[in-house]
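Colleague: As input, take query.txt (compact mmCIF, C-alpha atoms):
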```txt
# COMPACT_ATOMS: atom_id res chain seq x y z
CA MET A 1 29.21 -19.72 30.06
CA SER A 2 30.95 -23.11 30.38
CA ALA A 3 30.22 -26.57 29.45
CA VAL A 4 30.38 -28.71 32.54
CA GLY A 5 29.24 -26.87 35.63
CA ALA A 6 26.13 -25.80 37.45
CA VAL A 7 27.58 -23.15 39.79
CA PHE A 8 30.70 -22.82 37.74
CA SER A 9 31.53 -22.20 34.12
CA CYS A 10 33.23 -23.33 30.91
CA SER A 11 33.68 -26.76 29.39
CA CYS A 12 36.24 -29.39 30.09
CA LEU A 13 37.41 -31.72 27.43
CA ARG A 14 40.38 -33.31 29.06
CA SER A 15 38.17 -34.02 32.02
CA GLY A 16 35.37 -34.90 29.63
CA VAL A 17 37.42 -37.82 28.38
CA TRP A 18 37.76 -38.98 31.98
CA LEU A 19 34.02 -38.57 32.47
CA LEU A 20 33.32 -41.15 29.79
CA LYS A 21 35.38 -43.83 31.50
CA PRO A 22 33.76 -46.65 33.48
CA GLY A 23 32.21 -45.63 36.74
CA MET A 24 29.22 -43.84 35.30
CA GLN A 25 26.24 -44.77 37.41
CA LYS A 26 22.62 -45.20 36.51
CA MET A 27 20.48 -42.08 36.69
CA SER A 28 19.75 -41.55 40.34
CA SER A 29 16.14 -41.64 41.39
CA LEU A 30 14.38 -38.57 42.74
CA HIS A 31 15.73 -37.99 46.20
CA THR A 32 13.49 -36.81 48.99
CA ALA A 33 14.62 -35.75 52.42
CA ALA A 34 13.45 -33.81 55.43
CA ARG A 35 14.16 -30.10 55.36
CA CYS A 36 16.50 -30.45 58.30
CA ALA A 37 19.16 -33.06 58.98
CA ALA A 38 17.92 -36.57 59.63
CA ARG A 39 21.03 -37.11 61.76
CA ASP A 40 23.49 -34.90 63.54
CA TYR A 41 26.64 -36.67 62.29
CA TYR A 42 27.95 -37.86 58.91
CA GLU A 43 31.27 -39.32 57.95
CA VAL A 44 31.41 -36.98 54.94
CA LEU A 45 29.51 -33.70 54.89
CA VAL A 46 29.39 -31.72 51.64
CA LEU A 47 28.47 -28.04 51.68
CA GLY A 48 26.89 -27.01 48.39
CA GLY A 49 24.86 -28.84 45.77
CA GLY A 50 26.37 -27.34 42.63
CA ALA A 51 28.65 -29.15 40.20
CA GLY A 52 31.49 -29.67 42.68
CA GLY A 53 29.27 -30.68 45.58
CA ILE A 54 27.19 -33.20 43.63
CA ALA A 55 30.23 -34.68 41.87
CA MET A 56 32.07 -35.14 45.17
CA SER A 57 29.04 -36.56 47.00
CA ALA A 58 28.72 -39.18 44.25
CA ARG A 59 32.40 -40.07 44.66
CA MET A 60 32.17 -40.16 48.45
CA LYS A 61 29.10 -42.39 48.23
CA ARG A 62 31.33 -44.96 46.56
CA ARG A 63 34.04 -44.44 49.19
CA VAL A 64 32.01 -44.68 52.41
CA GLY A 65 28.44 -45.62 51.46
CA ALA A 66 25.49 -43.36 50.69
CA GLU A 67 24.13 -43.49 54.23
CA ASN A 68 27.34 -41.85 55.51
CA VAL A 69 27.22 -38.86 53.17
CA ALA A 70 25.07 -35.71 53.33
CA VAL A 71 24.83 -32.64 51.13
CA VAL A 72 23.69 -29.27 52.49
CA GLU A 73 21.91 -27.34 49.72
CA PRO A 74 18.89 -25.05 50.09
CA SER A 75 17.98 -24.67 46.41
CA GLU A 76 15.22 -26.82 44.92
CA THR A 77 16.58 -26.28 41.39
CA HIS A 78 19.97 -27.25 39.99
CA TYR A 79 21.11 -25.22 36.99
CA TYR A 80 23.56 -26.05 34.25
CA GLN A 81 24.80 -22.49 34.00
CA PRO A 82 27.17 -22.91 31.05
CA LEU A 83 24.08 -22.98 28.84
CA TRP A 84 23.13 -19.44 29.85
CA THR A 85 25.47 -17.85 27.30
CA LEU A 86 23.39 -19.51 24.60
CA VAL A 87 20.11 -18.70 26.38
CA GLY A 88 21.07 -15.02 26.46
CA GLY A 89 21.87 -15.23 22.76
CA GLY A 90 18.58 -16.91 21.88
CA ALA A 91 20.14 -20.23 20.87
CA LYS A 92 18.83 -22.30 23.82
CA GLN A 93 15.88 -22.23 26.21
CA LEU A 94 16.32 -21.52 29.93
CA ALA A 95 14.26 -24.60 30.81
CA ALA A 96 16.94 -26.80 29.22
CA SER A 97 19.41 -25.67 31.88
CA ALA A 98 17.29 -26.60 34.91
CA ARG A 99 16.49 -29.82 36.76
CA PRO A 100 15.10 -30.48 40.24
CA THR A 101 17.93 -30.74 42.74
CA GLY A 102 16.52 -34.06 43.92
CA SER A 103 17.00 -35.53 40.44
CA VAL A 104 20.78 -34.92 40.49
CA MET A 105 21.38 -35.86 44.13
CA PRO A 106 23.07 -39.29 44.34
CA SER A 107 20.49 -41.84 45.48
CA GLY A 108 20.72 -42.69 49.15
CA VAL A 109 22.79 -39.62 50.00
CA GLU A 110 21.05 -37.38 52.55
CA TRP A 111 19.94 -34.04 51.10
CA ILE A 112 19.79 -31.48 53.89
CA ARG A 113 17.66 -28.66 52.50
CA SER A 114 19.07 -25.86 54.58
CA GLN A 115 21.56 -23.01 54.55
CA VAL A 116 24.96 -23.11 56.24
CA THR A 117 25.23 -20.24 58.73
CA ALA A 118 28.59 -20.96 60.40
CA LEU A 119 31.55 -23.36 60.30
CA ASP A 120 33.52 -24.55 63.33
CA PRO A 121 36.37 -26.69 61.98
CA ASP A 122 38.01 -26.84 65.41
CA LYS A 123 35.00 -28.76 66.74
CA ASN A 124 34.18 -30.51 63.45
CA TYR A 125 30.66 -29.22 62.97
CA VAL A 126 28.69 -26.74 60.91
CA GLN A 127 25.68 -24.74 61.97
CA LEU A 128 22.58 -24.58 59.80
CA GLU A 129 19.43 -22.49 59.90
CA ASN A 130 17.29 -22.82 63.03
CA ASP A 131 20.48 -23.41 65.08
CA ILE A 132 20.81 -27.00 63.87
CA LYS A 133 24.32 -28.42 64.24
CA VAL A 134 25.72 -31.23 62.08
CA SER A 135 29.05 -32.85 62.88
CA TYR A 136 31.37 -34.58 60.45
CA LYS A 137 34.55 -36.57 60.15
CA TYR A 138 35.43 -35.06 56.75
CA LEU A 139 34.13 -31.80 55.32
CA ILE A 140 34.04 -30.82 51.64
CA ILE A 141 33.29 -27.15 50.96
CA ALA A 142 31.76 -26.52 47.53
CA LEU A 143 29.74 -23.36 48.13
CA GLY A 144 30.49 -21.63 44.84
CA ILE A 145 30.67 -17.88 44.35
CA SER A 146 28.16 -15.15 45.17
CA LEU A 147 26.83 -12.53 42.75
CA HIS A 148 26.64 -8.93 43.96
CA TYR A 149 24.50 -6.88 41.59
CA GLU A 150 23.72 -4.62 44.55
CA LYS A 151 27.30 -3.32 44.51
CA ILE A 152 26.42 -1.47 41.30
CA LYS A 153 24.28 1.57 42.11
CA GLY A 154 20.85 1.21 40.50
CA LEU A 155 20.88 -2.58 40.50
CA PRO A 156 19.24 -5.02 40.80
CA GLU A 157 16.12 -2.83 40.53
CA GLY A 158 17.38 -1.60 37.15
CA PHE A 159 16.53 -4.98 35.65
CA ASN A 160 12.86 -3.98 35.88
CA HIS A 161 13.56 -1.73 32.92
CA PRO A 162 14.02 -2.96 29.33
CA LYS A 163 17.30 -2.87 27.39
CA ILE A 164 19.33 -4.50 30.21
CA GLY A 165 20.13 -8.12 31.03
CA SER A 166 22.69 -10.44 32.56
CA ASN A 167 23.59 -14.01 31.62
CA TYR A 168 24.78 -14.74 35.16
CA SER A 169 21.35 -15.17 36.75
CA ALA A 170 18.32 -17.30 35.92
CA GLN A 171 16.20 -14.24 36.70
CA THR A 172 17.93 -11.96 34.17
CA VAL A 173 19.36 -14.16 31.39
CA GLU A 174 16.18 -14.08 29.30
CA LYS A 175 16.19 -10.27 29.57
CA THR A 176 19.49 -10.32 27.67
CA TRP A 177 17.79 -12.02 24.72
CA ARG A 178 14.86 -9.60 24.85
CA ALA A 179 17.21 -6.61 24.90
CA LEU A 180 19.03 -8.03 21.89
CA GLN A 181 15.80 -8.61 19.98
CA ASP A 182 14.55 -5.10 20.82
CA PHE A 183 17.77 -3.40 19.73
CA LYS A 184 17.21 -0.54 17.30
CA GLU A 185 20.19 1.82 17.18
CA GLY A 186 23.01 2.94 19.47
CA ASN A 187 25.53 1.48 21.92
CA ALA A 188 25.47 -2.19 22.88
CA ILE A 189 27.68 -2.32 25.98
CA PHE A 190 29.09 -5.44 27.64
CA THR A 191 30.87 -5.24 31.01
CA PHE A 192 33.51 -7.09 33.06
CA PRO A 193 33.70 -6.26 36.81
CA ASN A 194 36.66 -5.41 39.01
CA THR A 195 36.44 -8.66 41.00
CA PRO A 196 37.15 -12.35 40.50
CA VAL A 197 34.45 -13.92 38.30
CA LYS A 198 33.34 -17.36 37.23
CA CYS A 199 34.18 -18.11 33.61
CA ALA A 200 36.13 -15.02 32.66
CA GLY A 201 35.29 -15.59 28.99
CA ALA A 202 31.51 -15.41 29.44
CA PRO A 203 31.23 -11.59 29.56
CA GLN A 204 32.54 -11.35 26.00
CA LYS A 205 30.89 -14.49 24.56
CA ILE A 206 27.49 -12.80 24.58
CA MET A 207 29.08 -9.82 22.85
CA TYR A 208 30.10 -11.97 19.89
CA LEU A 209 26.64 -13.54 19.75
CA ALA A 210 25.11 -10.05 19.78
CA ASP A 211 27.34 -9.09 16.86
CA ALA A 212 26.22 -12.19 14.93
CA TYR A 213 22.53 -11.58 15.68
CA LEU A 214 22.67 -7.92 14.68
CA ARG A 215 24.38 -8.84 11.41
CA LYS A 216 21.76 -11.49 10.73
CA THR A 217 18.92 -9.03 11.32
CA GLY A 218 20.51 -6.18 9.35
CA LYS A 219 21.04 -3.94 12.38
CA ARG A 220 24.81 -4.19 12.78
CA SER A 221 25.52 -0.94 10.90
CA LYS A 222 23.36 0.88 13.47
CA ALA A 223 25.17 -0.66 16.44
CA ASN A 224 28.31 0.40 18.27
CA ILE A 225 29.36 -2.74 20.15
CA MET A 226 31.53 -1.93 23.13
CA PHE A 227 33.36 -4.09 25.70
CA ASN A 228 34.11 -2.11 28.86
CA THR A 229 36.36 -4.29 30.98
CA SER A 230 38.05 -3.62 34.30
CA LEU A 231 40.98 -5.72 33.11
CA GLY A 232 44.00 -4.52 31.16
CA VAL A 233 43.88 -7.40 28.69
CA ILE A 234 41.13 -9.08 26.68
CA PHE A 235 42.02 -12.55 28.02
CA GLY A 236 44.61 -13.84 30.45
CA VAL A 237 46.37 -16.31 28.13
CA LYS A 238 48.28 -14.64 25.30
CA LYS A 239 47.69 -17.31 22.66
CA TYR A 240 43.92 -16.95 22.93
CA ALA A 241 44.05 -13.20 23.59
CA ASP A 242 45.85 -12.67 20.28
CA ALA A 243 43.17 -14.65 18.45
CA LEU A 244 40.36 -12.74 20.17
CA LEU A 245 41.90 -9.37 19.34
CA GLU A 246 41.90 -10.32 15.66
CA ILE A 247 38.22 -11.28 15.89
CA ILE A 248 37.42 -8.03 17.69
CA LYS A 249 39.18 -6.08 14.96
CA ASP A 250 37.35 -7.97 12.20
CA LYS A 251 33.98 -7.42 13.91
CA ASN A 252 34.68 -3.73 14.52
CA ILE A 253 34.13 -3.98 18.28
CA VAL A 254 35.41 -1.22 20.59
CA VAL A 255 37.30 -2.31 23.73
CA ASN A 256 37.78 0.08 26.64
CA TYR A 257 40.20 -1.32 29.21
CA LYS A 258 40.31 -0.53 32.95
CA ARG A 259 36.65 0.56 33.01
CA SER A 260 34.52 -0.64 35.93
CA LEU A 261 30.72 -0.33 35.93
CA ILE A 262 29.67 1.51 39.10
CA GLU A 263 26.14 2.74 38.34
CA VAL A 264 23.21 2.00 36.03
CA ARG A 265 20.57 4.68 35.44
CA ALA A 266 18.11 2.35 33.81
CA ASP A 267 15.36 4.95 33.44
CA LYS A 268 17.72 7.08 31.31
CA GLN A 269 19.55 4.11 29.73
CA GLU A 270 22.87 5.37 31.07
CA ALA A 271 25.80 3.35 32.38
CA VAL A 272 28.46 4.98 34.56
CA PHE A 273 32.01 3.61 34.57
CA GLU A 274 35.01 4.44 36.72
CA ASN A 275 38.36 4.79 34.98
CA LEU A 276 40.55 2.52 37.09
CA ASP A 277 43.69 4.24 35.80
CA LYS A 278 42.32 7.50 37.19
CA PRO A 279 40.40 6.58 40.36
CA GLY A 280 37.39 8.80 40.95
CA GLU A 281 37.12 9.80 37.31
CA THR A 282 33.89 8.59 35.71
CA GLU A 283 32.45 8.28 32.22
CA VAL A 284 28.77 8.11 31.29
CA TYR A 285 27.64 6.06 28.30
CA GLN A 286 24.19 6.01 26.73
CA TYR A 287 23.11 2.47 25.88
CA GLU A 288 20.52 0.83 23.68
CA MET A 289 21.51 -2.54 25.16
CA LEU A 290 23.49 -3.28 28.32
CA HIS A 291 24.79 -6.68 29.45
CA VAL A 292 25.99 -6.63 33.06
CA THR A 293 28.50 -9.05 34.53
CA PRO A 294 28.07 -8.50 38.28
CA PRO A 295 30.81 -8.11 40.88
CA MET A 296 31.35 -11.45 42.61
CA GLY A 297 32.86 -12.68 45.85
CA PRO A 298 32.97 -15.55 48.34
CA PRO A 299 29.69 -16.62 50.01
CA ALA A 300 28.92 -14.56 53.12
CA VAL A 301 29.30 -17.56 55.44
CA LEU A 302 32.96 -17.89 54.40
CA ILE A 303 33.93 -14.29 55.09
CA ASN A 304 35.92 -14.15 58.33
CA SER A 305 35.48 -17.92 58.70
CA PRO A 306 38.28 -20.05 60.22
CA VAL A 307 38.46 -22.01 56.94
CA SER A 308 39.02 -18.93 54.77
CA ASP A 309 41.92 -16.69 53.84
CA ALA A 310 41.89 -12.93 54.42
CA SER A 311 39.74 -12.41 51.29
CA GLY A 312 37.12 -14.98 52.28
CA TRP A 313 38.07 -17.83 49.95
CA VAL A 314 38.55 -21.37 51.32
CA ASP A 315 42.26 -21.70 52.00
CA VAL A 316 43.42 -24.94 50.36
CA ASP A 317 46.65 -26.39 49.05
CA LYS A 318 46.68 -25.68 45.33
CA GLU A 319 47.90 -29.17 44.42
CA THR A 320 45.93 -31.44 46.77
CA LEU A 321 42.85 -29.26 47.57
CA GLN A 322 43.30 -30.18 51.25
CA HIS A 323 42.84 -27.32 53.71
CA LYS A 324 46.12 -25.75 54.78
CA LYS A 325 45.24 -25.83 58.50
CA TYR A 326 42.51 -28.47 58.94
CA PRO A 327 43.52 -31.83 57.40
CA ASN A 328 39.96 -33.20 57.41
CA VAL A 329 38.59 -30.19 55.48
CA PHE A 330 38.74 -29.87 51.69
CA GLY A 331 37.59 -27.36 49.09
CA ILE A 332 36.60 -27.51 45.45
CA GLY A 333 35.55 -25.02 42.82
CA ASP A 334 34.74 -21.34 42.86
CA CYS A 335 34.74 -20.88 46.65
CA THR A 336 38.44 -21.76 46.95
CA ASN A 337 41.56 -19.61 46.61
CA LEU A 338 43.07 -21.86 43.94
CA PRO A 339 44.98 -19.53 41.59
CA THR A 340 43.21 -20.64 38.43
CA SER A 341 40.15 -19.49 36.50
CA LYS A 342 36.87 -20.37 38.19
CA THR A 343 35.29 -22.69 35.62
CA ALA A 344 33.37 -25.94 35.45
CA ALA A 345 36.29 -27.51 33.63
CA ALA A 346 38.40 -26.75 36.66
CA VAL A 347 35.80 -28.44 38.88
CA ALA A 348 35.84 -31.56 36.71
CA ALA A 349 39.65 -31.78 36.90
CA GLN A 350 39.68 -30.95 40.62
CA SER A 351 37.11 -33.62 41.48
CA GLY A 352 39.41 -36.43 40.34
CA VAL A 353 42.35 -35.05 42.31
CA LEU A 354 40.26 -34.41 45.41
CA ASP A 355 38.84 -37.93 45.31
CA LYS A 356 42.37 -39.35 45.42
CA THR A 357 43.42 -36.88 48.12
CA ILE A 358 40.53 -37.79 50.43
CA SER A 359 40.95 -41.54 49.86
CA LEU A 360 44.57 -41.33 51.01
CA VAL A 361 43.76 -39.07 53.97
CA MET A 362 41.15 -41.63 55.05
CA LYS A 363 43.95 -44.21 55.12
CA ASN A 364 46.21 -41.86 57.10
CA LYS A 365 48.47 -41.41 54.07
CA LEU A 366 49.82 -38.25 52.50
CA PRO A 367 48.13 -37.06 49.31
CA VAL A 368 50.20 -37.61 46.18
CA LYS A 369 47.88 -36.69 43.29
CA LYS A 370 48.51 -33.12 42.17
CA TYR A 371 46.18 -30.64 40.46
CA ASP A 372 48.05 -28.63 37.82
CA GLY A 373 45.51 -25.81 37.62
CA TYR A 374 43.87 -27.15 34.47
CA THR A 375 40.92 -25.05 33.42
CA SER A 376 39.11 -24.38 30.20
CA CYS A 377 36.76 -21.94 28.54
CA PRO A 378 35.01 -22.50 25.21
CA LEU A 379 34.98 -18.98 23.82
CA VAL A 380 31.83 -18.70 21.74
CA THR A 381 32.59 -16.25 18.91
CA ALA A 382 29.48 -16.84 16.76
CA TYR A 383 26.38 -19.04 16.64
CA ASN A 384 28.47 -21.83 15.14
CA LYS A 385 32.06 -21.12 16.19
CA VAL A 386 34.13 -21.62 19.34
CA ILE A 387 37.76 -21.12 20.33
CA LEU A 388 38.55 -23.79 22.91
CA ALA A 389 40.91 -22.28 25.49
CA GLU A 390 42.57 -24.77 27.85
CA PHE A 391 45.43 -23.84 30.16
CA ASP A 392 47.15 -24.44 33.52
CA TYR A 393 48.14 -22.50 36.63
CA ASN A 394 50.88 -20.70 34.71
CA GLY A 395 48.57 -19.59 31.92
CA GLN A 396 50.23 -22.02 29.54
CA PRO A 397 48.03 -23.76 26.94
CA LEU A 398 47.20 -27.31 28.01
CA GLU A 399 45.26 -28.46 24.99
CA THR A 400 43.38 -31.70 24.38
CA PHE A 401 43.44 -31.94 20.59
CA PRO A 402 46.35 -32.09 18.08
CA ILE A 403 45.14 -28.90 16.36
CA ASP A 404 45.51 -25.18 16.93
CA GLN A 405 42.72 -24.56 19.42
CA SER A 406 43.09 -20.79 19.14
CA LYS A 407 41.25 -20.98 15.80
CA GLU A 408 37.47 -20.72 15.60
CA ARG A 409 35.88 -24.11 14.86
CA ARG A 410 32.36 -25.32 14.21
CA THR A 411 33.14 -28.70 15.82
CA MET A 412 34.03 -27.01 19.10
CA TYR A 413 30.74 -25.13 19.06
CA HIS A 414 28.78 -28.38 18.80
CA MET A 415 30.91 -29.80 21.59
CA LYS A 416 29.93 -26.90 23.85
CA ALA A 417 26.29 -26.65 22.82
CA ASP A 418 25.40 -30.32 22.46
CA MET A 419 28.01 -32.73 23.83
CA MET A 420 29.04 -31.06 27.08
CA PRO A 421 25.51 -30.74 28.52
CA LEU A 422 25.11 -34.50 28.08
CA LEU A 423 28.45 -35.13 29.77
CA TYR A 424 27.49 -32.81 32.59
CA TRP A 425 24.13 -34.39 33.45
CA ASN A 426 25.12 -38.00 32.80
CA ALA A 427 28.77 -38.17 33.81
CA LEU A 428 30.26 -35.39 35.96
CA LEU A 429 27.32 -35.35 38.38
CA LYS A 430 27.42 -39.14 38.63
```
Transcribe the structure of this file into structure tokens.

Modeller:
Amino acid sequence: MSAVGAVFSCSCLRSGVWLLKPGMQKMSSLHTAARCAARDYYEVLVLGGGAGGIAMSARMKRRVGAENVAVVEPSETHYYQPLWTLVGGGAKQLAASARPTGSVMPSGVEWIRSQVTALDPDKNYVQLENDIKVSYKYLIIALGISLHYEKIKGLPEGFNHPKIGSNYSAQTVEKTWRALQDFKEGNAIFTFPNTPVKCAGAPQKIMYLADAYLRKTGKRSKANIMFNTSLGVIFGVKKYADALLEIIKDKNIVVNYKRSLIEVRADKQEAVFENLDKPGETEVYQYEMLHVTPPMGPPAVLINSPVSDASGWVDVDKETLQHKKYPNVFGIGDCTNLPTSKTAAAVAAQSGVLDKTISLVMKNKLPVKKYDGYTSCPLVTAYNKVILAEFDYNGQPLETFPIDQSKERRTMYHMKADMMPLLYWNALLK
């Protein structure tokens, strides 16, 4: 996946340049807090302790003081998920992607280790587990996106069998690498679901790594690598799609468009796909290796919430990230309905805009800083090559470097694998 996000995906170079500017703080000390809220009111309340939530809590600490900021996050572990593409391909260790949540929480900021169960923006409070209510003056929603393996018949219990993995979960990413190592002969199938996803490039990155590994181990001639995607295109931006199609042709990979995984029969090593062009018509494929990208959707607490649109995503202005109805509510990252790819690069760009938006709202001024939809995805095409895709709301390339970024480059691989994790831990989250 990406290069600068824990609950998001893909790397951000334009934002990475910003990250290196002054303002980087010292490493925050381990943060300890009671499991429930120490107080029932905070000037700024942040929901979610992923990339967007931690980045914004660090910024708000500088705006209003640490004692006036709280983050609601139940998880004890914070993951740098962009590394999981490389973990699934055997190039990195899972442990390198994890740190205790307390170690990334800005020092002095209250960490409320609980789950949000309801939002009441009309009364300016949220409800947590055990019926605890916490009020706020300003609310930042950074709850990320939820994975739904259970929407595929036979999952998640199918992961108890060999030959199947998924780079989207800490519980299943290492199974991807084992399935790749155990590959003998047959179909290696990689899927893309019929829902919004985080880092739309990730489902095919592992496919290219699988191709490289099988070539290295002399097994490629015995493998039929297949990408079954619910989409009608290989990638949403033509410049990069054209480059990827050439790579796919060179690597002799089969692409089946408008195919949605609906069932896994793990005991028989069979995957069932629906043909979206012919609803109700299914196809069964035997697999020797299966990588599943799960259906995804908004967190359950946001579905039918006053802050969400009809689909359950936080309803924000696409330029300012301010809520369309509640002026003291803001959203960032994967949980929003911003019409751009859900990536960590997007979070990095959004955090700067949102910081300016909130600072002006606090002064009773209208927001002026505008988010252009910038997002990025480093498309890993081998163990030492990356195509760096960067683009805006309109799907137009918005590139950082004075080179053709649609070409595979070793330098971009090192940027994803080595530089961006450092920027993530030591800059974005600070």

Colleague: Name the residues in contact with Gln405 (chain A) at a cut-off of 9 Å, using all atoms listed in the file, excluding same-chain residues fewer than 2 positions from it; report them as a list in words.

Modeller: Tyr240, Ile387, Leu388, Ala389, Glu390, Glu399, Thr400, Phe401, Pro402, Ile403, Lys407, Glu408 and Arg409 of chain A

Colleague: Can you tell me, as a list of chain:residue names, what residues are no more than 8 Å from Val237 (chain A) when counting only C-alpha atoms, ignoring any on the same chain fewer than 3 positions away?

Modeller: A:Tyr240, A:Ala241, A:Phe391, A:Gly395, A:Gln396, A:Pro397

Colleague: Grab the CA of Ala417 (chain A) to CA of Ala243 (chain A) distance for me, in Å with one decimal place.

Modeller: 21.2 Å

Colleague: Between CA of Val353 (chain A) and CA of Val69 (chain A), what is the distance in Å, rounded to a tenth?

Modeller: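 One can read the CA of Val353 (chain A) to CA of Val69 (chain A) distance as 19.0 Å.
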
Colleague: Suppose you want the space between CA of Tyr79 (chain A) and CA of Ala344 (chain A); what is it in Å?

Modeller: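 CA of Tyr79 (chain A) sits 12.4 Å away from CA of Ala344 (chain A).
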
Colleague: May I ask which of the residues A:Ile145, A:Ala96, A:Leu155, A:Ala223 is the closest one to Ala266 (chain A), counting only C-alpha atoms?

Modeller: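 Smallest separation from Ala266 (chain A) among the options: A:Leu155.
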
Colleague: Can you list, as a PyMOL selection string, every protein, DNA or RNA residue that comes within 7 Å of region 207-214 of chain A when you count all atoms listed in the file, leaving out same-chain residues fewer than 4 positions away?

Modeller: chain A and resi 89+180+190+218-220+381-383

Colleague: Write the residues of the preceding selection, restricted to C-alpha atoms, as an mmCIF file, in the coordinates of the input.

Modeller:
```cif
data_model
loop_
_atom_site.group_PDB
_atom_site.id
_atom_site.type_symbol
_atom_site.label_atom_id
_atom_site.label_comp_id
_atom_site.auth_asym_id
_atom_site.auth_seq_id
_atom_site.Cartn_x
_atom_site.Cartn_y
_atom_site.Cartn_z
ATOM 1 C CA GLY A 89 21.870 -15.230 22.760
ATOM 2 C CA LEU A 180 19.030 -8.030 21.890
ATOM 3 C CA PHE A 190 29.090 -5.440 27.640
ATOM 4 C CA GLY A 218 20.510 -6.180 9.350
ATOM 5 C CA LYS A 219 21.040 -3.940 12.380
ATOM 6 C CA ARG A 220 24.810 -4.190 12.780
ATOM 7 C CA THR A 381 32.590 -16.250 18.910
ATOM 8 C CA ALA A 382 29.480 -16.840 16.760
ATOM 9 C CA TYR A 383 26.380 -19.040 16.640
#
```
